[in-house]
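Participant: Contents of protein08.cif (mmCIF, C-alpha atoms):
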data_final
#
loop_
_atom_site.label_atom_id
_atom_site.label_comp_id
_atom_site.auth_asym_id
_atom_site.auth_seq_id
_atom_site.Cartn_x
_atom_site.Cartn_y
_atom_site.Cartn_z
CA MET A 1 76.32 82.60 110.64
CA ASP A 2 75.48 84.69 107.59
CA TYR A 3 78.09 86.89 105.90
CA ALA A 4 77.46 89.97 108.05
CA GLU A 5 77.70 87.89 111.22
CA THR A 6 80.88 86.25 109.94
CA LEU A 7 82.52 89.64 109.36
CA GLU A 8 81.39 90.76 112.79
CA TYR A 9 83.11 87.70 114.24
CA LEU A 10 86.33 88.34 112.32
CA PHE A 11 86.53 91.99 113.33
CA THR A 12 85.48 91.59 116.97
CA GLN A 13 86.74 88.19 118.06
CA THR A 14 90.24 88.43 116.59
CA PRO A 15 92.75 91.27 117.15
CA VAL A 16 92.60 93.53 114.08
CA TYR A 17 95.59 95.73 113.23
CA GLN A 18 93.40 98.17 111.31
CA ASN A 19 91.51 98.91 114.53
CA ILE A 20 94.01 98.64 117.38
CA GLY A 21 97.41 98.84 115.73
CA SER A 22 100.42 97.08 117.23
CA LYS A 23 98.36 95.34 119.92
CA ALA A 24 96.99 93.09 117.15
CA TYR A 25 100.43 92.08 115.90
CA LYS A 26 101.34 88.53 116.87
CA PRO A 27 104.93 87.94 115.78
CA GLY A 28 105.91 84.37 115.11
CA LEU A 29 104.56 81.54 113.02
CA ASP A 30 103.22 79.11 115.63
CA ASN A 31 99.54 80.05 115.24
CA VAL A 32 99.59 80.08 111.47
CA ARG A 33 101.41 76.74 111.33
CA GLN A 34 98.78 75.16 113.56
CA LEU A 35 96.04 76.60 111.37
CA ASP A 36 97.87 75.44 108.26
CA ALA A 37 97.90 71.87 109.59
CA ILE A 38 94.18 71.96 110.42
CA TYR A 39 93.34 73.02 106.88
CA GLY A 40 95.61 70.43 105.27
CA HIS A 41 98.60 72.64 104.34
CA PRO A 42 96.77 74.35 101.46
CA HIS A 43 99.78 76.44 100.37
CA HIS A 44 101.48 73.24 99.17
CA ASN A 45 98.91 73.09 96.36
CA PHE A 46 100.06 76.13 94.39
CA SER A 47 103.22 78.01 93.49
CA SER A 48 103.67 81.39 95.13
CA ILE A 49 105.46 84.71 94.70
CA HIS A 50 106.14 86.50 97.99
CA VAL A 51 106.26 90.32 98.02
CA ALA A 52 107.55 92.51 100.87
CA GLY A 53 108.64 96.14 101.22
CA THR A 54 107.80 99.35 103.04
CA ASN A 55 106.08 100.99 100.09
CA GLY A 56 104.89 99.74 96.72
CA LYS A 57 104.35 96.10 97.63
CA GLY A 58 100.62 96.35 96.93
CA SER A 59 101.05 97.91 93.49
CA THR A 60 103.87 95.49 92.71
CA SER A 61 101.74 92.50 93.71
CA HIS A 62 98.80 93.66 91.61
CA LEU A 63 100.98 94.34 88.56
CA ILE A 64 102.66 90.91 88.72
CA ALA A 65 99.26 89.24 89.09
CA SER A 66 97.80 91.22 86.20
CA CYS A 67 100.66 90.30 83.85
CA LEU A 68 100.41 86.63 84.78
CA GLN A 69 96.66 86.73 84.14
CA SER A 70 97.28 88.29 80.73
CA ALA A 71 99.77 85.51 80.05
CA GLY A 72 97.02 82.93 80.56
CA TYR A 73 97.73 81.75 84.11
CA ARG A 74 95.11 81.28 86.80
CA VAL A 75 96.29 83.67 89.51
CA GLY A 76 95.51 84.17 93.18
CA LEU A 77 96.22 87.52 94.84
CA PHE A 78 96.40 88.21 98.58
CA THR A 79 96.88 91.83 99.69
CA SER A 80 95.98 94.07 102.60
CA PRO A 81 94.35 96.14 103.84
CA HIS A 82 91.06 96.29 101.98
CA LEU A 83 89.48 99.64 101.14
CA LYS A 84 85.76 98.99 100.67
CA ASP A 85 85.08 95.27 101.18
CA PHE A 86 86.94 92.64 103.21
CA ARG A 87 86.81 90.27 100.24
CA GLU A 88 89.16 92.55 98.25
CA ARG A 89 92.03 90.95 100.16
CA ILE A 90 91.60 87.56 98.49
CA ARG A 91 91.13 87.37 94.72
CA VAL A 92 91.33 84.78 91.97
CA GLN A 93 91.54 86.17 88.45
CA GLY A 94 90.62 89.51 89.96
CA ALA A 95 87.35 88.22 91.43
CA CYS A 96 86.91 88.57 95.19
CA ILE A 97 86.51 85.46 97.30
CA PRO A 98 82.77 84.56 97.47
CA GLN A 99 80.87 85.35 100.66
CA GLU A 100 80.02 81.67 101.00
CA ALA A 101 83.71 80.73 101.07
CA VAL A 102 84.39 83.26 103.83
CA ILE A 103 81.49 81.88 105.87
CA SER A 104 82.55 78.26 105.35
CA PHE A 105 86.16 78.93 106.37
CA VAL A 106 85.24 80.79 109.55
CA ASP A 107 82.62 78.22 110.52
CA ARG A 108 85.21 75.46 110.22
CA PHE A 109 87.66 77.46 112.35
CA ARG A 110 85.07 78.03 115.06
CA ASN A 111 84.14 74.35 115.12
CA GLU A 112 87.63 72.83 114.91
CA ALA A 113 90.19 75.28 116.28
CA ALA A 114 88.80 78.32 118.12
CA ASP A 115 88.93 76.56 121.48
CA ARG A 116 92.72 76.05 121.32
CA ILE A 117 94.10 78.66 118.89
CA GLN A 118 93.63 82.41 119.32
CA PRO A 119 94.92 83.82 116.03
CA SER A 120 95.04 87.44 115.00
CA PHE A 121 92.75 88.69 112.26
CA PHE A 122 95.65 88.62 109.80
CA GLU A 123 96.74 85.11 110.73
CA LEU A 124 93.24 83.82 110.13
CA THR A 125 92.75 85.68 106.86
CA THR A 126 96.16 84.50 105.59
CA LEU A 127 95.03 80.89 105.96
CA MET A 128 91.68 81.79 104.44
CA ALA A 129 93.52 83.03 101.36
CA PHE A 130 95.72 79.95 101.11
CA ASP A 131 92.70 77.69 101.54
CA TRP A 132 90.71 79.51 98.87
CA PHE A 133 93.60 79.49 96.40
CA ALA A 134 93.94 75.73 96.87
CA GLN A 135 90.21 75.22 96.33
CA ALA A 136 90.26 77.48 93.27
CA LYS A 137 93.20 75.52 91.84
CA VAL A 138 95.29 78.57 90.97
CA ASP A 139 98.50 78.07 89.02
CA VAL A 140 100.33 80.68 91.07
CA ALA A 141 99.47 83.08 93.89
CA VAL A 142 100.99 86.49 94.52
CA ILE A 143 101.17 86.96 98.29
CA GLU A 144 101.79 90.38 99.83
CA VAL A 145 103.43 90.45 103.25
CA GLY A 146 101.26 92.04 105.90
CA LEU A 147 103.93 93.53 108.15
CA GLY A 148 107.69 93.09 108.06
CA GLY A 149 108.48 89.68 106.62
CA ARG A 150 110.49 87.41 108.87
CA LEU A 151 107.69 86.89 111.41
CA ASP A 152 104.74 87.65 109.13
CA SER A 153 102.01 85.01 108.93
CA SER A 154 102.59 84.59 105.21
CA ASN A 155 106.20 83.52 105.76
CA ILE A 156 105.33 79.84 106.02
CA LEU A 157 105.47 79.90 102.22
CA SER A 158 108.21 78.33 100.16
CA PRO A 159 107.88 80.63 97.16
CA ILE A 160 109.38 80.28 93.73
CA LEU A 161 110.37 83.97 93.87
CA SER A 162 110.73 86.61 96.58
CA VAL A 163 110.38 90.32 95.79
CA ILE A 164 111.36 93.17 98.14
CA THR A 165 110.41 96.60 96.82
CA ASN A 166 112.24 98.99 99.19
CA VAL A 167 112.91 99.78 102.84
CA SER A 168 112.11 102.97 104.74
CA LEU A 169 111.02 103.88 108.25
CA ASP A 170 107.53 102.65 109.14
CA HIS A 171 106.07 100.51 111.93
CA THR A 172 109.23 101.27 113.88
CA ALA A 173 107.71 100.16 117.18
CA LEU A 174 107.42 96.63 115.77
CA LEU A 175 110.19 96.32 113.18
CA GLY A 176 112.96 98.49 114.62
CA ASN A 177 113.82 102.16 114.39
CA THR A 178 116.72 101.95 111.93
CA ILE A 179 116.87 101.10 108.24
CA PRO A 180 119.16 98.06 108.78
CA ALA A 181 116.84 96.67 111.47
CA ILE A 182 113.77 97.00 109.25
CA ALA A 183 115.70 95.60 106.28
CA PHE A 184 116.60 92.52 108.33
CA GLU A 185 112.91 91.88 109.05
CA LYS A 186 111.92 92.26 105.41
CA ALA A 187 114.86 90.14 104.24
CA GLY A 188 113.31 87.35 106.28
CA ILE A 189 111.26 86.31 103.25
CA ILE A 190 114.43 85.42 101.33
CA LYS A 191 114.54 81.63 101.11
CA PRO A 192 117.48 79.29 100.49
CA HIS A 193 118.40 78.85 96.82
CA THR A 194 115.32 80.89 95.80
CA PRO A 195 115.74 83.96 93.55
CA VAL A 196 115.01 87.35 95.05
CA VAL A 197 114.29 90.60 93.22
CA LEU A 198 115.33 93.81 94.97
CA GLY A 199 113.83 97.19 94.10
CA ASN A 200 115.43 100.58 94.68
CA MET A 201 117.24 100.21 98.02
CA LEU A 202 119.02 102.63 100.31
CA PRO A 203 122.67 101.52 100.64
CA GLU A 204 122.27 100.49 104.27
CA ALA A 205 119.22 98.38 103.38
CA LEU A 206 120.89 96.84 100.33
CA GLU A 207 123.85 95.75 102.42
CA VAL A 208 121.56 93.79 104.73
CA MET A 209 119.66 92.25 101.82
CA LEU A 210 122.80 91.10 100.03
CA GLN A 211 124.20 89.62 103.24
CA GLN A 212 121.02 87.66 103.92
CA ALA A 213 120.81 86.47 100.31
CA SER A 214 124.44 85.37 100.40
CA GLU A 215 123.93 83.37 103.59
CA LYS A 216 120.97 81.59 101.99
CA GLU A 217 122.64 81.21 98.58
CA ALA A 218 119.68 83.00 97.02
CA PRO A 219 120.33 84.49 93.55
CA VAL A 220 119.84 88.27 93.62
CA HIS A 221 118.31 90.28 90.76
CA ARG A 222 118.36 94.08 90.98
CA ALA A 223 115.60 96.11 89.36
CA ASP A 224 116.81 98.23 86.44
CA PRO A 225 115.22 101.72 86.50
CA THR A 226 116.76 102.70 83.15
CA ARG A 227 114.57 100.45 81.00
CA THR A 228 112.19 102.09 78.56
CA PRO A 229 108.90 102.63 80.43
CA ILE A 230 105.78 100.68 79.51
CA PRO A 231 102.45 102.56 79.61
CA CYS A 232 100.71 101.78 82.88
CA ALA A 233 97.24 102.46 84.25
CA LEU A 234 98.79 103.49 87.58
CA LYS A 235 99.65 107.19 87.27
CA GLY A 236 101.67 107.96 90.38
CA ASP A 237 105.22 109.03 89.55
CA TYR A 238 106.43 106.63 92.24
CA GLN A 239 105.10 103.74 90.15
CA GLN A 240 108.20 104.03 87.95
CA GLU A 241 110.19 102.24 90.65
CA ASN A 242 107.47 99.63 91.12
CA THR A 243 107.19 98.89 87.40
CA ALA A 244 110.96 98.45 87.14
CA THR A 245 110.81 95.94 89.99
CA VAL A 246 107.88 94.14 88.37
CA ARG A 247 109.61 93.83 85.02
CA THR A 248 112.67 92.28 86.65
CA ALA A 249 110.42 89.87 88.54
CA LEU A 250 108.75 88.88 85.26
CA ASP A 251 112.18 88.33 83.68
CA VAL A 252 113.06 85.94 86.49
CA LEU A 253 109.72 84.13 86.18
CA GLN A 254 110.45 83.56 82.49
CA THR A 255 113.74 81.87 83.42
CA LEU A 256 111.70 79.66 85.76
CA GLY A 257 109.57 78.47 82.86
CA TYR A 258 106.66 80.92 82.84
CA ALA A 259 105.62 81.95 79.34
CA ILE A 260 105.05 85.70 79.59
CA ALA A 261 105.07 87.40 76.19
CA PRO A 262 105.78 91.14 75.83
CA SER A 263 102.14 91.61 74.80
CA ALA A 264 101.01 90.08 78.11
CA ILE A 265 103.20 92.52 80.03
CA HIS A 266 101.83 95.50 78.10
CA GLU A 267 98.26 94.33 78.63
CA GLY A 268 98.92 93.55 82.30
CA PHE A 269 100.23 97.06 82.91
CA ALA A 270 97.44 98.74 80.95
CA ARG A 271 94.63 96.72 82.53
CA VAL A 272 95.87 96.25 86.09
CA ILE A 273 92.94 98.15 87.60
CA GLN A 274 90.32 96.22 85.64
CA GLN A 275 92.04 92.84 86.06
CA THR A 276 92.96 93.02 89.75
CA GLY A 277 90.79 95.74 91.27
CA LEU A 278 93.65 97.94 92.52
CA ARG A 279 92.36 101.30 93.75
CA GLY A 280 93.51 104.43 95.54
CA ARG A 281 96.93 104.87 93.93
CA TRP A 282 97.04 108.44 92.62
CA GLU A 283 93.49 107.87 91.45
CA THR A 284 91.41 110.64 89.95
CA ILE A 285 87.92 110.53 91.47
CA GLY A 286 86.56 113.90 90.35
CA LEU A 287 86.91 116.56 87.68
CA ALA A 288 86.47 120.37 87.73
CA PRO A 289 87.89 120.58 90.31
CA ARG A 290 90.15 117.61 89.84
CA ILE A 291 90.13 115.35 92.91
CA ILE A 292 92.97 112.88 93.43
CA CYS A 293 93.36 110.37 96.23
CA ASP A 294 96.34 108.27 97.26
CA THR A 295 96.88 105.79 100.08
CA GLY A 296 100.50 106.79 100.83
CA HIS A 297 100.72 106.97 104.61
CA ASN A 298 104.34 107.11 105.83
CA GLU A 299 107.26 109.48 105.42
CA ALA A 300 108.51 107.97 102.16
CA GLY A 301 104.99 107.77 100.74
CA ILE A 302 104.18 111.39 101.64
CA ARG A 303 107.49 112.54 100.15
CA SER A 304 106.53 110.96 96.80
CA ILE A 305 103.07 112.50 96.95
CA ALA A 306 104.46 115.95 97.76
CA HIS A 307 106.85 115.69 94.82
CA GLN A 308 104.05 114.87 92.42
CA LEU A 309 101.81 117.62 93.79
CA LYS A 310 104.63 120.09 93.18
CA ASN A 311 104.73 119.03 89.53
CA SER A 312 100.95 119.07 89.04
CA ALA A 313 99.03 121.87 87.32
CA TYR A 314 96.35 123.70 89.29
CA ASP A 315 95.21 127.16 90.33
CA ARG A 316 94.89 126.50 94.06
CA LEU A 317 95.67 123.37 96.04
CA HIS A 318 93.38 121.93 98.71
CA ILE A 319 94.49 118.97 100.83
CA VAL A 320 92.10 116.76 102.81
CA LEU A 321 94.34 115.01 105.33
CA GLY A 322 93.90 112.39 108.02
CA VAL A 323 96.45 110.05 109.58
CA ALA A 324 96.64 107.06 111.88
CA ASN A 325 97.75 107.76 115.44
CA ASP A 326 100.84 105.54 115.19
CA LYS A 327 102.43 107.33 112.24
CA ASP A 328 105.46 109.60 112.40
CA VAL A 329 103.45 112.77 111.87
CA PRO A 330 106.25 115.21 112.84
CA HIS A 331 108.39 113.88 109.98
CA MET A 332 105.53 113.53 107.48
CA LEU A 333 103.91 116.98 107.70
CA PRO A 334 106.97 119.14 106.88
CA LEU A 335 107.12 117.42 103.49
CA LEU A 336 103.73 118.81 102.44
CA PRO A 337 103.29 122.14 100.61
CA LYS A 338 102.72 125.13 102.89
CA GLU A 339 100.76 127.05 100.24
CA ALA A 340 97.89 124.53 100.26
CA ARG A 341 94.67 125.03 102.17
CA TYR A 342 94.21 122.11 104.58
CA TYR A 343 91.12 120.25 105.73
CA PHE A 344 92.21 118.16 108.70
CA THR A 345 90.02 115.18 109.47
CA LYS A 346 89.92 111.65 110.84
CA ALA A 347 88.62 108.38 109.48
CA ALA A 348 86.02 106.39 111.40
CA THR A 349 88.47 103.98 113.01
CA PRO A 350 89.90 103.89 116.54
CA ARG A 351 93.43 104.20 115.14
CA SER A 352 92.82 107.68 113.71
CA LEU A 353 94.58 110.70 115.15
CA SER A 354 91.93 113.27 116.07
CA GLU A 355 91.39 116.05 113.57
CA THR A 356 92.08 118.73 116.19
CA ALA A 357 95.34 117.13 117.30
CA LEU A 358 96.43 116.87 113.66
CA GLN A 359 95.51 120.51 113.07
CA ASP A 360 97.51 121.63 116.12
CA ILE A 361 100.62 119.73 115.06
CA ALA A 362 100.31 121.00 111.49
CA ALA A 363 99.88 124.62 112.59
CA GLY A 364 103.24 124.43 114.35
CA MET A 365 104.77 123.51 110.99
CA GLY A 366 103.14 126.25 108.98
CA LEU A 367 100.26 124.23 107.51
CA GLU A 368 97.04 126.20 107.87
CA GLY A 369 93.45 125.05 107.61
CA SER A 370 90.35 123.91 109.45
CA SER A 371 89.35 120.65 111.10
CA TYR A 372 86.34 118.45 110.34
CA PRO A 373 85.02 115.45 112.31
CA SER A 374 84.51 113.25 109.24
CA VAL A 375 86.25 112.70 105.93
CA VAL A 376 83.09 113.36 103.93
CA GLU A 377 82.58 116.71 105.67
CA ALA A 378 86.18 117.67 105.00
CA LEU A 379 85.93 116.76 101.33
CA ASN A 380 82.63 118.62 100.95
CA ALA A 381 84.20 121.72 102.47
CA ALA A 382 87.12 121.46 100.06
CA LYS A 383 84.72 121.16 97.12
CA LYS A 384 82.75 124.17 98.33
CA ASN A 385 85.91 126.28 98.51
CA SER A 386 87.29 125.15 95.15
CA ARG A 387 87.08 126.53 91.65
CA PRO A 388 87.09 124.26 88.57
CA GLU A 389 90.80 124.94 87.98
CA ASP A 390 91.78 123.87 91.50
CA LEU A 391 93.16 120.54 92.70
CA ILE A 392 91.89 118.66 95.75
CA PHE A 393 94.14 115.95 97.14
CA VAL A 394 92.77 113.41 99.66
CA GLY A 395 95.11 111.16 101.61
CA GLY A 396 97.35 110.46 104.58
CA SER A 397 95.77 107.10 105.36
CA ASN A 398 94.20 104.04 103.74
CA PHE A 399 91.20 104.64 105.98
CA VAL A 400 90.70 108.20 104.73
CA VAL A 401 90.82 107.13 101.08
CA ALA A 402 88.46 104.23 101.73
CA GLU A 403 85.73 106.55 102.98
CA ILE A 404 85.59 108.69 99.82
CA LEU A 405 86.53 106.20 97.12
CA PRO A 406 83.60 105.82 94.69
CA ASP A 407 82.48 102.39 93.52
CA SER A 408 83.08 103.24 89.88
CA ILE A 409 86.44 104.05 88.33
CA LEU A 410 86.80 107.47 86.71
CA VAL A 411 88.87 107.07 83.55
#
As a first step, turn the structure in this file into structure tokens.

Facilitator:
Amino acid sequence: MDYAETLEYLFTQTPVYQNIGSKAYKPGLDNVRQLDAIYGHPHHNFSSIHVAGTNGKGSTSHLIASCLQSAGYRVGLFTSPHLKDFRERIRVQGACIPQEAVISFVDRFRNEAADRIQPSFFELTTLMAFDWFAQAKVDVAVIEVGLGGRLDSSNILSPILSVITNVSLDHTALLGNTIPAIAFEKAGIIKPHTPVVLGNMLPEALEVMLQQASEKEAPVHRADPTRTPIPCALKGDYQQENTATVRTALDVLQTLGYAIAPSAIHEGFARVIQQTGLRGRWETIGLAPRIICDTGHNEAGIRSIAHQLKNSAYDRLHIVLGVANDKDVPHMLPLLPKEARYYFTKAATPRSLSETALQDIAAGMGLEGSSYPSVVEALNAAKKNSRPEDLIFVGGSNFVVAEILPDSILV
């Protein structure tokens, strides 16, 4: 198969969460352990840092990777979902996995394992990442949990450090509908006698984390939000919590023998976008009118976005909004500003809530606007109705942001 055919195989022959939601989730580690054995246990060939959390785990993973790169280490980075290209999920020194490596991995799976293992898309891509990091001889890999933690495919790792950013309500159908239940799932990445860094936690989540860490005799390090901020390329106000978590993680890595000078941390923060390819986090993609996009897509994420919009300068506010059909829309929408003009839309994925359904729900909460069948049409309408002093915000879903994110970065 060529690369296009390989991607077609991955997205059609394996259950993909991005497309079908919870039906693609295969809890448990049996499949990934079988795959791991077939590929020679590649994750034994590099050290790893395991990152979980409801929000911020992607930014946290990218920032840790960027700082380690600036410190001179060869770094692998596994995150999800991708925005523009599947290969974004698997990077070494910021460079995406080559097409040839994707083809080779999938061909081997089809020849050696497809007849007896039916993995999910995420299970297969997790092993693809581990295999590529082993081939690329990385010093350390930063691995972002896909969903939850305890039963996530990535949890076959024995990391040198675990990091859990925060816990809020999301994926409740799979992880539980209370904060303690979700915290228990995320605390599943805490390993015996292995340090864990905890970000800003709700008290009921922190209690679970500390209990799990105590049972496993894992040293706990709490992020300190009072430290003097370091300039960062990521401009979302919510990044303050992430950067505090990252700095504590880097402190712990130094105690484990990693040489990470203050200059490497400053460079890693300042160059995280260039060095790791992170996109869509309060990113400015247009000027006059200013256009900002952000991938926040659950109640806690929307609350942070709404807070920053409230503190932003503009004449009029336009919001292009689309959401996945499994999100808690009734709790997300009331957080958004009622004075904005809305452009309700849907991304081109089966998981999208229809633009008309979203408009109807929003109207009942005092959010007024029009609906558009595509994200591009919605954004074009917002541009047409905007003056140079206005602000257009685009978000509600990774899928929505992916469809309007330009290839180049606007500085």

Participant: Mind telling me what the PyMOL selection byres ((chain A and resi 298) around 12) catches here, as a ChimeraX atom specification?

Facilitator: /A:54-56,167-172,294-297,299-306,322-333,335,395-398

Participant: Using all atoms listed in the file, give me every residue within 12 Å of (121.7, 88.2, 104.8) in file coordinates, as a PyMOL selection string.

Facilitator: chain A and resi 150+180-181+183-192+196+205-220

Participant: Care to translate the PyMOL selection byres ((chain A and resi 339) around 9) into actual residues of this file, as number ranges by chain?

Facilitator: A: 316-317, 337-338, 340-341, 367-368

Participant: Find the residues around Asn242 (chain A) up to 6 Å (all atoms listed in the file counted), leave out those fewer than 3 positions away in its own chain, and share them as a list in words.

Facilitator: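 Here the answer would be Thr60, Gln239 and Thr245 of chain A.
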
Participant: Which residues are close to Lys57 (chain A), i.e. within 8 Å by all atoms listed in the file, leaving aside same-chain residues fewer than 4 positions away? Reply as a list of chain:residue names.

Facilitator: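 Surrounding residues, per the criterion: A:Val51, A:Ala52, A:Gly53, A:Ser61, A:Glu144, A:Ile164, A:Thr165.
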
Participant: Emit a file covering region 391-408 of chain A of the preceding structure with N, CA and C atoms, as an mmCIF file, in the first residue's frame.

Facilitator:
data_model
loop_
_atom_site.group_PDB
_atom_site.id
_atom_site.type_symbol
_atom_site.label_atom_id
_atom_site.label_comp_id
_atom_site.auth_asym_id
_atom_site.auth_seq_id
_atom_site.Cartn_x
_atom_site.Cartn_y
_atom_site.Cartn_z
ATOM 1 N N LEU A 391 -13.609 41.012 16.903
ATOM 2 C CA LEU A 391 -12.913 39.767 17.215
ATOM 3 C C LEU A 391 -13.783 38.596 16.776
ATOM 4 N N ILE A 392 -13.183 37.670 16.043
ATOM 5 C CA ILE A 392 -13.852 36.424 15.668
ATOM 6 C C ILE A 392 -13.177 35.297 16.419
ATOM 7 N N PHE A 393 -13.961 34.540 17.175
ATOM 8 C CA PHE A 393 -13.433 33.354 17.847
ATOM 9 C C PHE A 393 -13.999 32.115 17.170
ATOM 10 N N VAL A 394 -13.126 31.122 16.929
ATOM 11 C CA VAL A 394 -13.534 29.865 16.301
ATOM 12 C C VAL A 394 -13.175 28.720 17.242
ATOM 13 N N GLY A 395 -14.160 27.882 17.591
ATOM 14 C CA GLY A 395 -13.838 26.779 18.486
ATOM 15 C C GLY A 395 -15.009 25.875 18.791
ATOM 16 N N GLY A 396 -14.900 25.190 19.934
ATOM 17 C CA GLY A 396 -15.898 24.232 20.371
ATOM 18 C C GLY A 396 -15.507 22.796 20.122
ATOM 19 N N SER A 397 -14.509 22.588 19.250
ATOM 20 C CA SER A 397 -14.138 21.230 18.858
ATOM 21 C C SER A 397 -12.780 21.243 18.172
ATOM 22 N N ASN A 398 -11.993 20.191 18.398
ATOM 23 C CA ASN A 398 -10.754 20.013 17.635
ATOM 24 C C ASN A 398 -11.037 19.986 16.144
ATOM 25 N N PHE A 399 -12.137 19.334 15.768
ATOM 26 C CA PHE A 399 -12.466 19.161 14.355
ATOM 27 C C PHE A 399 -12.757 20.494 13.686
ATOM 28 N N VAL A 400 -13.440 21.386 14.397
ATOM 29 C CA VAL A 400 -13.756 22.708 13.856
ATOM 30 C C VAL A 400 -12.474 23.487 13.609
ATOM 31 N N VAL A 401 -11.592 23.514 14.600
ATOM 32 C CA VAL A 401 -10.329 24.239 14.465
ATOM 33 C C VAL A 401 -9.485 23.661 13.335
ATOM 34 N N ALA A 402 -9.468 22.349 13.211
ATOM 35 C CA ALA A 402 -8.662 21.707 12.177
ATOM 36 C C ALA A 402 -9.039 22.174 10.787
ATOM 37 N N GLU A 403 -10.308 22.471 10.567
ATOM 38 C CA GLU A 403 -10.774 22.800 9.213
ATOM 39 C C GLU A 403 -10.415 24.234 8.803
ATOM 40 N N ILE A 404 -10.074 25.092 9.755
ATOM 41 C CA ILE A 404 -9.751 26.476 9.365
ATOM 42 C C ILE A 404 -8.323 26.874 9.721
ATOM 43 N N LEU A 405 -7.576 25.963 10.321
ATOM 44 C CA LEU A 405 -6.218 26.272 10.732
ATOM 45 C C LEU A 405 -5.316 26.389 9.506
ATOM 46 N N PRO A 406 -4.669 27.529 9.296
ATOM 47 C CA PRO A 406 -3.784 27.671 8.141
ATOM 48 C C PRO A 406 -2.493 26.884 8.333
ATOM 49 N N ASP A 407 -1.820 26.593 7.229
ATOM 50 C CA ASP A 407 -0.551 25.860 7.324
ATOM 51 C C ASP A 407 0.533 26.671 7.994
ATOM 52 N N SER A 408 0.538 27.986 7.747
ATOM 53 C CA SER A 408 1.574 28.831 8.316
ATOM 54 C C SER A 408 1.124 29.410 9.658
#
